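Chemist: I am sharing upload17.txt, which consists of compact mmCIF, C-alpha atoms:
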```txt
# COMPACT_ATOMS: atom_id res chain seq x y z
CA PRO R 1 46.90 65.67 158.13
CA SER R 2 45.91 66.70 154.61
CA THR R 3 48.28 64.12 153.13
CA ALA R 4 48.77 61.60 155.95
CA ARG R 5 46.91 58.31 155.72
CA SER R 6 46.21 55.61 158.28
CA LYS R 7 48.68 52.75 158.08
CA LEU R 8 46.45 50.33 159.94
CA SER R 9 45.90 47.10 158.03
CA PRO R 10 44.63 44.61 160.61
CA GLN R 11 43.76 41.04 159.78
CA ARG R 12 41.16 38.98 161.57
CA PHE R 13 40.12 35.39 162.10
CA THR R 14 37.58 33.44 164.14
CA LEU R 15 38.26 30.30 166.13
CA PRO R 16 35.91 27.30 165.87
CA ASN R 17 34.50 28.22 169.30
CA GLY R 18 33.38 31.61 167.94
CA LEU R 19 36.11 33.81 169.46
CA THR R 20 37.01 36.70 167.12
CA VAL R 21 40.62 37.91 166.86
CA ILE R 22 42.00 40.97 165.06
CA VAL R 23 45.76 41.49 164.68
CA GLN R 24 47.81 44.55 163.76
CA GLU R 25 51.49 43.83 163.21
CA LYS R 26 53.79 46.51 164.68
CA HIS R 27 57.45 45.54 164.53
CA ASP R 28 59.20 48.71 165.69
CA ARG R 29 59.57 47.31 169.24
CA HIS R 30 59.72 43.78 170.64
CA THR R 31 56.53 44.27 172.63
CA ILE R 32 53.00 42.92 172.50
CA TYR R 33 49.69 44.45 173.56
CA VAL R 34 46.48 42.46 173.98
CA ARG R 35 42.99 43.69 174.79
CA GLY R 36 39.82 41.65 174.88
CA GLU R 37 36.18 42.37 175.58
CA ILE R 38 33.27 40.05 176.25
CA ALA R 39 30.11 41.54 174.76
CA SER R 40 27.31 41.75 177.30
CA SER R 41 23.84 43.05 177.99
CA PRO R 42 22.34 44.43 181.20
CA ALA R 43 19.58 41.87 180.62
CA PHE R 44 22.06 39.14 181.60
CA ALA R 45 21.93 40.14 185.28
CA PRO R 46 19.33 38.03 187.12
CA PRO R 47 16.64 40.07 188.94
CA GLY R 48 17.96 41.14 192.31
CA GLN R 49 21.59 40.77 191.17
CA GLU R 50 22.02 44.02 189.28
CA GLY R 51 25.73 44.87 189.22
CA ILE R 52 26.86 41.24 189.02
CA GLY R 53 28.89 41.82 185.86
CA ARG R 54 30.70 44.73 187.45
CA LEU R 55 31.46 42.72 190.59
CA ALA R 56 32.71 39.77 188.53
CA SER R 57 35.18 42.05 186.75
CA MET R 58 36.39 43.47 190.05
CA VAL R 59 37.10 40.05 191.60
CA ALA R 60 38.39 38.21 188.50
CA PRO R 61 41.93 39.73 188.75
CA PHE R 62 42.41 38.06 192.15
CA GLY R 63 42.93 34.61 190.75
CA SER R 64 41.82 31.88 188.39
CA GLU R 65 41.46 28.12 188.71
CA HIS R 66 45.15 27.45 188.04
CA TYR R 67 46.78 30.72 189.13
CA ASP R 68 45.99 32.42 192.41
CA PHE R 69 46.61 36.10 192.99
CA THR R 70 50.18 35.63 194.21
CA GLN R 71 51.11 33.35 191.31
CA LEU R 72 49.65 35.76 188.77
CA ARG R 73 51.64 38.67 190.18
CA LYS R 74 54.88 36.68 190.43
CA ILE R 75 54.69 35.43 186.85
CA THR R 76 54.01 38.88 185.42
CA ASP R 77 56.57 40.58 187.67
CA ASP R 78 59.25 38.10 186.65
CA ILE R 79 58.78 38.85 182.95
CA GLY R 80 58.13 42.58 183.30
CA ALA R 81 54.56 42.32 182.08
CA SER R 82 51.13 43.42 183.26
CA ILE R 83 47.79 41.69 183.07
CA ASP R 84 44.17 42.45 183.94
CA LEU R 85 41.17 40.14 183.95
CA GLY R 86 37.42 40.60 183.77
CA GLN R 87 34.77 41.29 181.19
CA THR R 88 37.37 43.60 179.66
CA PHE R 89 40.82 42.02 179.91
CA SER R 90 44.29 43.00 178.78
CA ALA R 91 47.99 42.20 178.87
CA GLN R 92 51.21 43.80 177.74
CA GLY R 93 54.80 42.66 177.80
CA TYR R 94 57.64 41.43 175.64
CA ALA R 95 56.75 39.64 172.42
CA ARG R 96 58.76 36.58 173.52
CA ASP R 97 56.29 36.12 176.40
CA PHE R 98 53.20 36.30 174.18
CA PRO R 99 52.15 32.64 174.75
CA THR R 100 52.57 33.00 178.52
CA LEU R 101 50.40 36.11 178.63
CA LEU R 102 47.70 34.50 176.50
CA GLY R 103 47.72 31.45 178.76
CA LEU R 104 47.13 33.59 181.84
CA LEU R 105 44.36 35.51 180.12
CA ALA R 106 42.66 32.36 178.86
CA ASP R 107 42.64 30.69 182.26
CA GLY R 108 41.36 33.86 183.92
CA GLU R 109 38.47 34.25 181.50
CA GLU R 110 37.49 30.59 181.19
CA HIS R 111 38.10 29.61 184.84
CA PRO R 112 37.69 32.64 187.16
CA ALA R 113 37.98 31.52 190.79
CA PHE R 114 36.40 34.42 192.72
CA PRO R 115 38.18 33.61 196.02
CA GLU R 116 35.87 34.19 198.99
CA HIS R 117 38.34 36.43 200.86
CA TRP R 118 38.77 38.83 197.94
CA LEU R 119 35.09 38.60 197.01
CA ALA R 120 34.03 39.79 200.46
CA LEU R 121 36.40 42.77 200.27
CA GLN R 122 35.45 43.78 196.74
CA ARG R 123 31.73 43.25 197.31
CA GLY R 124 31.79 45.58 200.31
CA GLN R 125 33.82 48.15 198.41
CA LEU R 126 31.49 48.05 195.40
CA ALA R 127 28.40 48.36 197.61
CA ASN R 128 29.89 51.50 199.18
CA THR R 129 30.88 52.84 195.78
CA VAL R 130 27.38 52.34 194.37
CA GLN R 131 25.89 54.05 197.43
CA MET R 132 28.12 57.09 196.83
CA GLU R 133 27.47 57.07 193.07
CA ASN R 134 23.73 57.16 193.70
CA ASN R 135 24.20 60.49 195.49
CA ILE R 136 26.57 62.18 193.04
CA SER R 137 24.71 64.77 191.00
CA GLY R 138 26.49 63.89 187.75
CA ASN R 139 25.44 60.26 188.05
CA MET R 140 21.92 61.29 188.97
CA VAL R 141 21.75 63.43 185.83
CA THR R 142 22.96 60.54 183.67
CA ARG R 143 20.40 58.20 185.21
CA ALA R 144 17.59 60.72 184.72
CA TYR R 145 18.66 61.21 181.11
CA LEU R 146 18.58 57.47 180.41
CA GLN R 147 15.18 57.13 182.10
CA ASN R 148 13.83 59.74 179.71
CA LEU R 149 15.67 58.49 176.60
CA LEU R 150 15.15 54.72 176.79
CA PRO R 151 12.02 52.58 176.66
CA SER R 152 10.58 52.02 180.13
CA ASP R 153 11.36 48.30 179.97
CA ASP R 154 14.92 48.73 178.71
CA PRO R 155 17.33 46.50 180.68
CA SER R 156 19.81 49.40 180.85
CA LEU R 157 17.47 50.98 183.41
CA ARG R 158 18.07 48.17 185.90
CA PHE R 159 20.57 49.99 188.12
CA PRO R 160 22.59 48.29 190.87
CA SER R 161 22.08 49.17 194.51
CA PRO R 162 24.02 48.30 197.68
CA LEU R 163 21.39 45.64 198.39
CA THR R 164 21.70 43.92 195.01
CA ILE R 165 25.50 43.93 195.30
CA ALA R 166 25.42 42.55 198.84
CA ALA R 167 23.15 39.69 197.72
CA ILE R 168 25.63 38.29 195.16
CA SER R 169 27.44 35.12 196.22
CA ARG R 170 30.43 33.30 194.79
CA THR R 171 28.07 30.68 193.35
CA ASP R 172 26.12 33.47 191.62
CA LEU R 173 29.34 34.77 190.04
CA LEU R 174 30.33 31.31 188.82
CA VAL R 175 26.89 30.67 187.32
CA TYR R 176 26.91 34.10 185.68
CA THR R 177 30.34 33.73 184.10
CA GLN R 178 29.63 30.15 182.99
CA SER R 179 26.59 31.50 181.17
CA TYR R 180 27.83 34.81 179.79
CA TRP R 181 31.64 34.83 179.67
CA ARG R 182 31.72 32.95 176.40
CA PRO R 183 34.16 32.72 173.50
CA ASP R 184 31.41 33.46 170.96
CA LEU R 185 30.83 36.81 172.70
CA THR R 186 34.54 37.62 172.95
CA THR R 187 36.72 39.79 170.72
CA ILE R 188 40.50 40.01 171.18
CA ALA R 189 42.71 42.70 169.63
CA ILE R 190 46.47 42.18 169.35
CA VAL R 191 49.05 44.83 168.43
CA GLY R 192 52.79 44.28 168.41
CA ASP R 193 55.80 42.36 167.24
CA VAL R 194 53.95 39.26 166.06
CA THR R 195 52.94 37.80 162.71
CA LEU R 196 49.41 36.76 161.89
CA SER R 197 50.37 33.09 161.75
CA ARG R 198 52.11 33.21 165.14
CA ALA R 199 49.17 35.07 166.64
CA ARG R 200 46.73 32.50 165.28
CA SER R 201 48.65 29.53 166.63
CA ALA R 202 49.18 31.15 170.05
CA VAL R 203 45.52 32.17 170.43
CA GLU R 204 44.34 28.73 169.32
CA ALA R 205 46.64 27.07 171.86
CA ALA R 206 45.46 29.30 174.71
CA PHE R 207 41.76 29.88 173.95
CA GLY R 208 40.86 27.05 171.56
CA SER R 209 39.54 24.74 174.28
CA TRP R 210 37.22 27.39 175.77
CA ARG R 211 33.64 26.12 175.47
CA ARG R 212 30.29 27.10 176.92
CA ALA R 213 27.03 25.17 176.75
CA GLY R 214 23.88 26.38 175.05
CA PRO R 215 23.15 28.82 172.25
CA LYS R 216 24.83 32.21 172.07
CA PRO R 217 22.70 34.72 174.04
CA SER R 218 21.48 37.84 172.28
CA ILE R 219 23.03 41.17 173.23
CA THR R 220 20.70 43.21 171.01
CA LEU R 221 19.05 46.06 172.88
CA PRO R 222 15.58 47.49 172.11
CA ALA R 223 15.33 50.30 169.58
CA LEU R 224 15.00 53.79 170.98
CA PRO R 225 11.59 55.45 170.73
CA PRO R 226 11.24 58.39 168.31
CA ALA R 227 12.53 61.78 169.44
CA HIS R 228 10.38 63.13 172.24
CA THR R 229 10.46 65.72 174.99
CA GLY R 230 11.49 64.77 178.49
CA HIS R 231 12.45 66.61 181.65
CA ASP R 232 13.96 66.08 185.08
CA PHE R 233 15.69 68.18 187.72
CA VAL R 234 18.37 67.35 190.29
CA GLY R 235 18.66 69.96 193.03
CA THR R 236 22.18 70.82 194.22
CA ASP R 237 23.94 73.61 196.10
CA ALA R 238 25.88 74.71 193.00
CA ASN R 239 25.63 78.35 191.89
CA GLN R 240 25.35 77.34 188.22
CA VAL R 241 23.05 75.06 186.27
CA PHE R 242 24.38 71.96 184.52
CA ILE R 243 22.24 70.95 181.56
CA GLU R 244 22.15 67.74 179.54
CA LEU R 245 20.11 67.78 176.35
CA GLY R 246 19.64 64.83 174.05
CA GLN R 247 17.71 62.89 171.47
CA PRO R 248 17.96 59.56 169.60
CA ALA R 249 20.48 59.47 166.76
CA VAL R 250 22.15 56.89 164.48
CA SER R 251 23.68 53.53 165.34
CA ARG R 252 27.35 52.75 164.73
CA THR R 253 26.54 50.77 161.58
CA ASN R 254 24.07 53.27 160.09
CA PRO R 255 25.13 54.49 156.60
CA ASP R 256 24.74 58.07 157.88
CA TYR R 257 27.16 57.56 160.77
CA ASP R 258 30.08 59.37 159.09
CA ALA R 259 27.97 62.37 158.16
CA PHE R 260 26.36 62.51 161.60
CA THR R 261 29.79 62.38 163.25
CA LEU R 262 30.79 65.44 161.26
CA LEU R 263 27.48 67.08 162.12
CA SER R 264 28.07 66.55 165.85
CA GLU R 265 31.61 67.89 165.46
CA MET R 266 30.22 71.11 164.01
CA ILE R 267 27.47 71.37 166.62
CA GLY R 268 29.71 71.19 169.68
CA GLY R 269 32.48 68.65 169.23
CA ALA R 270 34.47 68.07 172.38
CA GLY R 271 34.07 71.72 173.34
CA TYR R 272 36.03 72.92 170.30
CA PHE R 273 36.33 76.69 169.89
CA GLU R 274 35.35 76.30 166.23
CA SER R 275 32.02 74.59 166.97
CA ARG R 276 28.77 76.44 166.44
CA LEU R 277 27.55 76.22 170.00
CA TRP R 278 30.87 77.42 171.45
CA GLN R 279 30.97 80.35 169.06
CA GLU R 280 27.35 81.39 169.57
CA LEU R 281 26.89 80.69 173.28
CA ARG R 282 30.36 81.31 174.67
CA GLN R 283 32.51 83.33 172.29
CA LYS R 284 29.94 85.86 171.06
CA ARG R 285 27.58 86.13 174.03
CA GLY R 286 29.30 84.69 177.11
CA LEU R 287 26.15 82.81 178.12
CA VAL R 288 27.79 79.52 179.15
CA TYR R 289 30.92 78.36 180.92
CA SER R 290 31.29 75.37 178.60
CA VAL R 291 29.37 73.55 175.90
CA SER R 292 30.00 70.38 173.89
CA SER R 293 28.20 67.67 171.96
CA GLU R 294 28.79 63.95 171.54
CA LEU R 295 27.39 61.22 169.34
CA ARG R 296 27.31 58.00 171.37
CA SER R 297 26.58 54.95 169.25
CA ASP R 298 26.81 51.17 169.34
CA LYS R 299 25.70 48.52 166.86
CA ASP R 300 22.04 48.82 167.84
CA ARG R 301 21.34 52.48 168.54
CA GLY R 302 22.76 55.90 169.27
CA ASP R 303 21.98 59.26 170.79
CA LEU R 304 23.20 62.84 170.46
CA GLU R 305 24.03 64.57 173.75
CA ILE R 306 24.63 68.28 174.25
CA ASP R 307 26.13 69.35 177.59
CA LEU R 308 26.42 72.92 178.84
CA ASN R 309 26.53 74.83 182.09
CA ALA R 310 25.46 78.40 182.72
CA SER R 311 24.48 80.83 185.45
CA PRO R 312 20.76 80.68 186.31
CA ALA R 313 20.04 83.93 184.48
CA ASN R 314 21.43 82.52 181.23
CA VAL R 315 19.68 79.15 181.15
CA ALA R 316 16.64 80.13 179.08
CA PRO R 317 18.55 82.14 176.43
CA SER R 318 21.14 79.35 176.16
CA ILE R 319 18.48 76.71 175.49
CA ALA R 320 16.85 79.00 172.92
CA LEU R 321 20.17 79.43 171.10
CA VAL R 322 20.82 75.68 171.07
CA ARG R 323 17.48 75.18 169.34
CA GLU R 324 18.20 78.03 166.96
CA GLN R 325 21.52 76.53 165.90
CA LEU R 326 20.04 73.06 165.41
CA ASN R 327 17.33 74.59 163.23
CA ARG R 328 19.93 76.50 161.23
CA LEU R 329 21.71 73.24 160.47
CA ARG R 330 18.41 71.80 159.27
CA ASN R 331 17.54 74.79 157.11
CA GLU R 332 20.87 76.13 155.84
CA PRO R 333 23.86 74.30 154.33
CA VAL R 334 27.10 74.58 156.25
CA SER R 335 30.00 76.35 154.60
CA ALA R 336 32.68 74.39 152.79
CA ILE R 337 35.32 75.76 155.19
CA GLU R 338 33.36 74.75 158.29
CA LEU R 339 32.88 71.23 156.94
CA ALA R 340 36.53 70.93 155.90
CA SER R 341 37.66 71.97 159.39
CA ALA R 342 35.44 69.35 161.02
CA LYS R 343 36.81 66.67 158.69
CA LEU R 344 40.38 67.72 159.49
CA ARG R 345 39.84 67.52 163.25
CA LEU R 346 38.32 64.03 163.12
CA ILE R 347 40.95 62.68 160.72
CA SER R 348 43.73 64.18 162.84
CA SER R 349 42.26 62.65 165.99
CA ALA R 350 42.21 59.18 164.41
CA LEU R 351 45.79 59.55 163.19
CA LEU R 352 46.99 60.71 166.61
CA ALA R 353 45.33 57.71 168.25
CA GLU R 354 47.09 55.44 165.79
CA ALA R 355 50.49 56.75 166.90
CA SER R 356 50.47 54.53 170.01
CA ALA R 357 50.01 50.80 170.44
CA ARG R 358 47.15 51.37 172.88
CA GLY R 359 45.48 53.69 170.39
CA GLN R 360 45.79 51.06 167.69
CA LEU R 361 44.32 48.48 170.07
CA ALA R 362 41.26 50.65 170.65
CA GLU R 363 40.78 51.34 166.95
CA ILE R 364 41.08 47.76 165.69
CA LEU R 365 38.93 46.44 168.53
CA GLU R 366 36.25 48.92 167.44
CA LEU R 367 36.48 47.53 163.90
CA ALA R 368 36.05 43.92 164.99
CA GLN R 369 33.24 44.57 167.46
CA ASN R 370 31.18 46.56 164.96
CA GLY R 371 31.86 44.41 161.92
CA LEU R 372 33.62 47.28 160.14
CA PRO R 373 36.06 46.66 157.25
CA SER R 374 39.78 46.44 157.98
CA ASP R 375 40.47 49.51 155.83
CA TYR R 376 37.93 51.61 157.74
CA PHE R 377 40.50 54.10 159.04
CA ALA R 378 42.63 53.93 155.88
CA THR R 379 39.59 55.06 153.86
CA LEU R 380 38.36 57.63 156.38
CA GLN R 381 39.79 60.53 154.39
CA SER R 382 38.30 59.41 151.08
CA ARG R 383 34.90 58.71 152.67
CA PHE R 384 34.86 62.13 154.31
CA ALA R 385 35.88 63.74 151.00
CA ASN R 386 32.62 62.52 149.47
CA ILE R 387 30.46 64.14 152.17
CA THR R 388 29.13 67.51 151.03
CA PRO R 389 27.29 70.37 152.77
CA ALA R 390 24.11 69.03 151.16
CA ASP R 391 24.70 65.66 152.86
CA ILE R 392 25.12 67.35 156.22
CA GLN R 393 21.89 69.28 155.75
CA ARG R 394 20.02 66.13 154.70
CA VAL R 395 21.21 64.30 157.83
CA ALA R 396 20.35 67.30 160.01
CA ARG R 397 16.84 67.44 158.57
CA GLN R 398 16.36 63.72 158.94
CA TYR R 399 17.56 63.33 162.52
CA LEU R 400 17.73 66.62 164.43
CA ARG R 401 14.56 67.43 166.41
CA PRO R 402 15.15 70.77 168.19
CA ASP R 403 11.62 70.83 169.62
CA ASP R 404 11.81 67.29 170.98
CA LEU R 405 14.85 67.42 173.24
CA ILE R 406 15.22 65.62 176.53
CA GLN R 407 16.25 68.20 179.12
CA ILE R 408 17.92 67.31 182.42
CA TYR R 409 18.96 70.09 184.82
CA ALA R 410 21.13 70.04 187.95
CA GLY R 411 21.76 73.00 190.21
CA PRO R 412 19.74 75.66 192.01
CA SER R 413 15.97 75.90 191.59
CA GLY R 414 14.39 77.93 188.83
CA PRO R 415 11.74 77.58 186.12
CA TRP R 416 13.66 74.52 184.89
CA SER R 417 12.92 72.77 188.20
CA ASP R 418 9.30 72.09 187.27
CA HIS R 419 9.23 71.95 183.49
CA ALA R 420 11.30 71.96 180.32
CA ILE R 421 12.44 75.32 178.95
```
Please go through the file and, once you have read it, give me the structure as structure tokens.
Modeler:
Amino acid sequence: PSTARSKLSPQRFTLPNGLTVIVQEKHDRHTIYVRGEIASSPAFAPPGQEGIGRLASMVAPFGSEHYDFTQLRKITDDIGASIDLGQTFSAQGYARDFPTLLGLLADGEEHPAFPEHWLALQRGQLANTVQMENNISGNMVTRAYLQNLLPSDDPSLRFPSPLTIAAISRTDLLVYTQSYWRPDLTTIAIVGDVTLSRARSAVEAAFGSWRRAGPKPSITLPALPPAHTGHDFVGTDANQVFIELGQPAVSRTNPDYDAFTLLSEMIGGAGYFESRLWQELRQKRGLVYSVSSELRSDKDRGDLEIDLNASPANVAPSIALVREQLNRLRNEPVSAIELASAKLRLISSALLAEASARGQLAEILELAQNGLPSDYFATLQSRFANITPADIQRVARQYLRPDDLIQIYAGPSGPWSDHAI
């Protein structure tokens, strides 16, 4: 990893209807991979129809205006391909069948049929799923965390219920997709044995006629409030306490994103043994069963989450040590070795993802959706090389707020049931 460099060099274009396409040529096999996403906002769901986007994606694969479910399956089976439709859609198969796959995708996204028989089955299934999700402690913790993190009027807090799902009709789905499944909200990533010119002509032929009336709707979400304390408790029969801590952080397009990503990696990473919280809470003291951190960001906003679980007796000292380590990062520069290790892990992870076509799809789609340059991953190593311990400390001082953490607990009762620790 110290010498390897990303070989991704995607090229992108935009159709007259606003659809964005990014293409990575990969000629080692005669295959093609396509993934598309229609950008959305929870504000798009009409009041009383929360969950409509999710239901639309569940029913879309069962047929479009020109291809019913049986026809879709027969066409893809005959050519050894696979296809999926919905707000996120995809296809993979042989490169020679690229136009056929795009045609199926285009018809499914522009003309979803939502057959009544399949709608009734999927609507009932989703209503039952939502009912179960509303009683799963992990989902309850996530919901409580969002209710404490986000503004009270944030559309992301409009959660679906079995009643809102049951109220959605086929007409509602058609109106919704006519309004919000739009080419100017859609990004398509293509990886495989195809040239840019062939990709452009094939996408134009399949998707070029897709039109929707009216101006492009905004998907911008409200800014997060400043860091603040928050607390909630979910009682369960577990014999350990699951804890989710968090605070606002940087957006995906913030100039400090790279440095904050490294900072999160050093705080807890994906439960890495080298991270500070693992070393201090688990390795040295045995206070927790697991601990990790994650920076979750999109174009508008981001938050830092720290997850850990511990026996009831170790909850208070664990929270105290988390605060202590966050304060250390604010007040003391990290070592050059610690920073270099974090850089190596993140660069290695990106290179490993690039080794597969699906990994490349995910990476180039991320570039297009966030307006990032095509050489983003190719320059990752050089950008990281310029980040110093002083930069990490500056970012930690600017963003970390150890005394203003949202705290959500799940498990047996204790002092954390009634108040933050």
Chemist: Find the spatial neighbours of range 95-101 of chain R, counting all atoms listed in the file, within a cut-off of 10 Å - ignore same-chain residues fewer than 3 positions away - and output them as a ChimeraX atom specification.
Modeler: /R:27,29-34,75-76,79-83,90-92,104-106,192-194,198-199,201-203,205-206
Chemist: Please indicate the distance in Å from CA of Ala336 in chain R to CA of Gln398 in chain R, rounded to one decimal place.
Modeler: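 Interatomic distance here is 20.4 Å.
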Chemist: Pick from R:Ser311, R:Thr229, R:Gln11, R:Ser152: nearest to Tyr289 in chain R, with all atoms listed in the file counted?
Modeler: R:Ser311
Chemist: Skip range 367-371 of chain R itself and residues of its chain fewer than 6 positions away, then list as a count of residues only all residues within 7 Å of it, counting only C-alpha atoms.
Modeler: 3
Chemist: At a cut-off of 8 Å, using all atoms listed in the file, what residues contact range 48-53 of chain R? Leave out same-chain residues fewer than 2 positions from it and give the result as a ChimeraX atom specification.
Modeler: /R:45-46,55-57,87,158-161,164-165,167-168,173,176
Chemist: Which of these, R:Thr14, R:Gln381, R:Thr236, R:Thr3, has the shortest distance to Met140 in chain R once you count all atoms listed in the file?
Modeler: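 Of R:Thr14, R:Gln381, R:Thr236, R:Thr3, the one nearest Met140 in chain R is R:Thr236, counting all atoms listed in the file.
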Chemist: Can you work out which one of R:Gly86, R:Pro155, R:Thr388, R:Phe62 has the shortest atom-to-atom distance to Leu119 in chain R, counting all atoms listed in the file?
Modeler: R:Phe62
Chemist: Restricting the calculation to only C-alpha atoms, which member of R:Val288, R:Glu204, R:Val234, R:Asp300 is positioned closest to Ala249 in chain R?
Modeler: R:Asp300
Chemist: For the point (10.3, 74.4, 183.7) in file coordinates, what residues are within 10 Å, counting only C-alpha atoms? Give the answer as a list in words?
Modeler: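 These residues have at least one counted atom within 10 Å: His231, Asp232, Phe233, Ala316, Gln407, Tyr409, Ser413, Gly414, Pro415, Trp416, Ser417, Asp418, His419, Ala420 and Ile421 of chain R.
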Chemist: Which value, in Å to one decimal, gives the distance between CA of Ala357 in chain R and CA of Arg35 in chain R?
Modeler: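 Rounded to one decimal, the two atoms are 10.9 Å apart.
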Chemist: Give me the residues near Leu8 in chain R as an mmCIF file with C-alpha atoms, keeping the file's coordinate frame, where near means some atom within 9 Å (using all atoms listed in the file) and where sequence neighbours in that chain fewer than 3 positions away do not count.
Modeler:
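The new file selection.cif reads:
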```
data_model
loop_
_atom_site.group_PDB
_atom_site.id
_atom_site.type_symbol
_atom_site.label_atom_id
_atom_site.label_comp_id
_atom_site.auth_asym_id
_atom_site.auth_seq_id
_atom_site.Cartn_x
_atom_site.Cartn_y
_atom_site.Cartn_z
ATOM 1 C CA GLN R 24 47.810 44.550 163.760
ATOM 2 C CA GLU R 25 51.490 43.830 163.210
ATOM 3 C CA GLU R 354 47.090 55.440 165.790
ATOM 4 C CA GLN R 360 45.790 51.060 167.690
ATOM 5 C CA ILE R 364 41.080 47.760 165.690
ATOM 6 C CA SER R 374 39.780 46.440 157.980
ATOM 7 C CA ASP R 375 40.470 49.510 155.830
ATOM 8 C CA TYR R 376 37.930 51.610 157.740
ATOM 9 C CA PHE R 377 40.500 54.100 159.040
ATOM 10 C CA ALA R 378 42.630 53.930 155.880
#
```
Chemist: What does the distance from CA of Asn148 in chain R to CA of Leu281 in chain R come to in Å, to one decimal?
Modeler: 25.5 Å
Chemist: Can you tell me which residues surround Pro61 in chain R at a distance of at most 10 Å, considering all atoms listed in the file, apart from same-chain residues fewer than 4 positions away, and format the answer as an mmCIF file with C-alpha atoms, in the coordinates of the input?
Modeler:
```cif
data_model
loop_
_atom_site.group_PDB
_atom_site.id
_atom_site.type_symbol
_atom_site.label_atom_id
_atom_site.label_comp_id
_atom_site.auth_asym_id
_atom_site.auth_seq_id
_atom_site.Cartn_x
_atom_site.Cartn_y
_atom_site.Cartn_z
ATOM 1 C CA ALA R 56 32.710 39.770 188.530
ATOM 2 C CA SER R 57 35.180 42.050 186.750
ATOM 3 C CA ASP R 68 45.990 32.420 192.410
ATOM 4 C CA PHE R 69 46.610 36.100 192.990
ATOM 5 C CA LEU R 72 49.650 35.760 188.770
ATOM 6 C CA ARG R 73 51.640 38.670 190.180
ATOM 7 C CA ILE R 83 47.790 41.690 183.070
ATOM 8 C CA ASP R 84 44.170 42.450 183.940
ATOM 9 C CA LEU R 85 41.170 40.140 183.950
ATOM 10 C CA GLY R 86 37.420 40.600 183.770
ATOM 11 C CA PHE R 89 40.820 42.020 179.910
ATOM 12 C CA LEU R 105 44.360 35.510 180.120
ATOM 13 C CA GLY R 108 41.360 33.860 183.920
ATOM 14 C CA GLU R 109 38.470 34.250 181.500
ATOM 15 C CA PRO R 112 37.690 32.640 187.160
ATOM 16 C CA ALA R 113 37.980 31.520 190.790
ATOM 17 C CA PHE R 114 36.400 34.420 192.720
ATOM 18 C CA TRP R 118 38.770 38.830 197.940
#
```
Chemist: Which of these, R:Leu121, R:Leu196, R:Ala60, R:Ile406, has the shortest distance to Leu245 in chain R once you count all atoms listed in the file?
Modeler: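 For Leu245 in chain R, the nearest of the candidates is R:Ile406.
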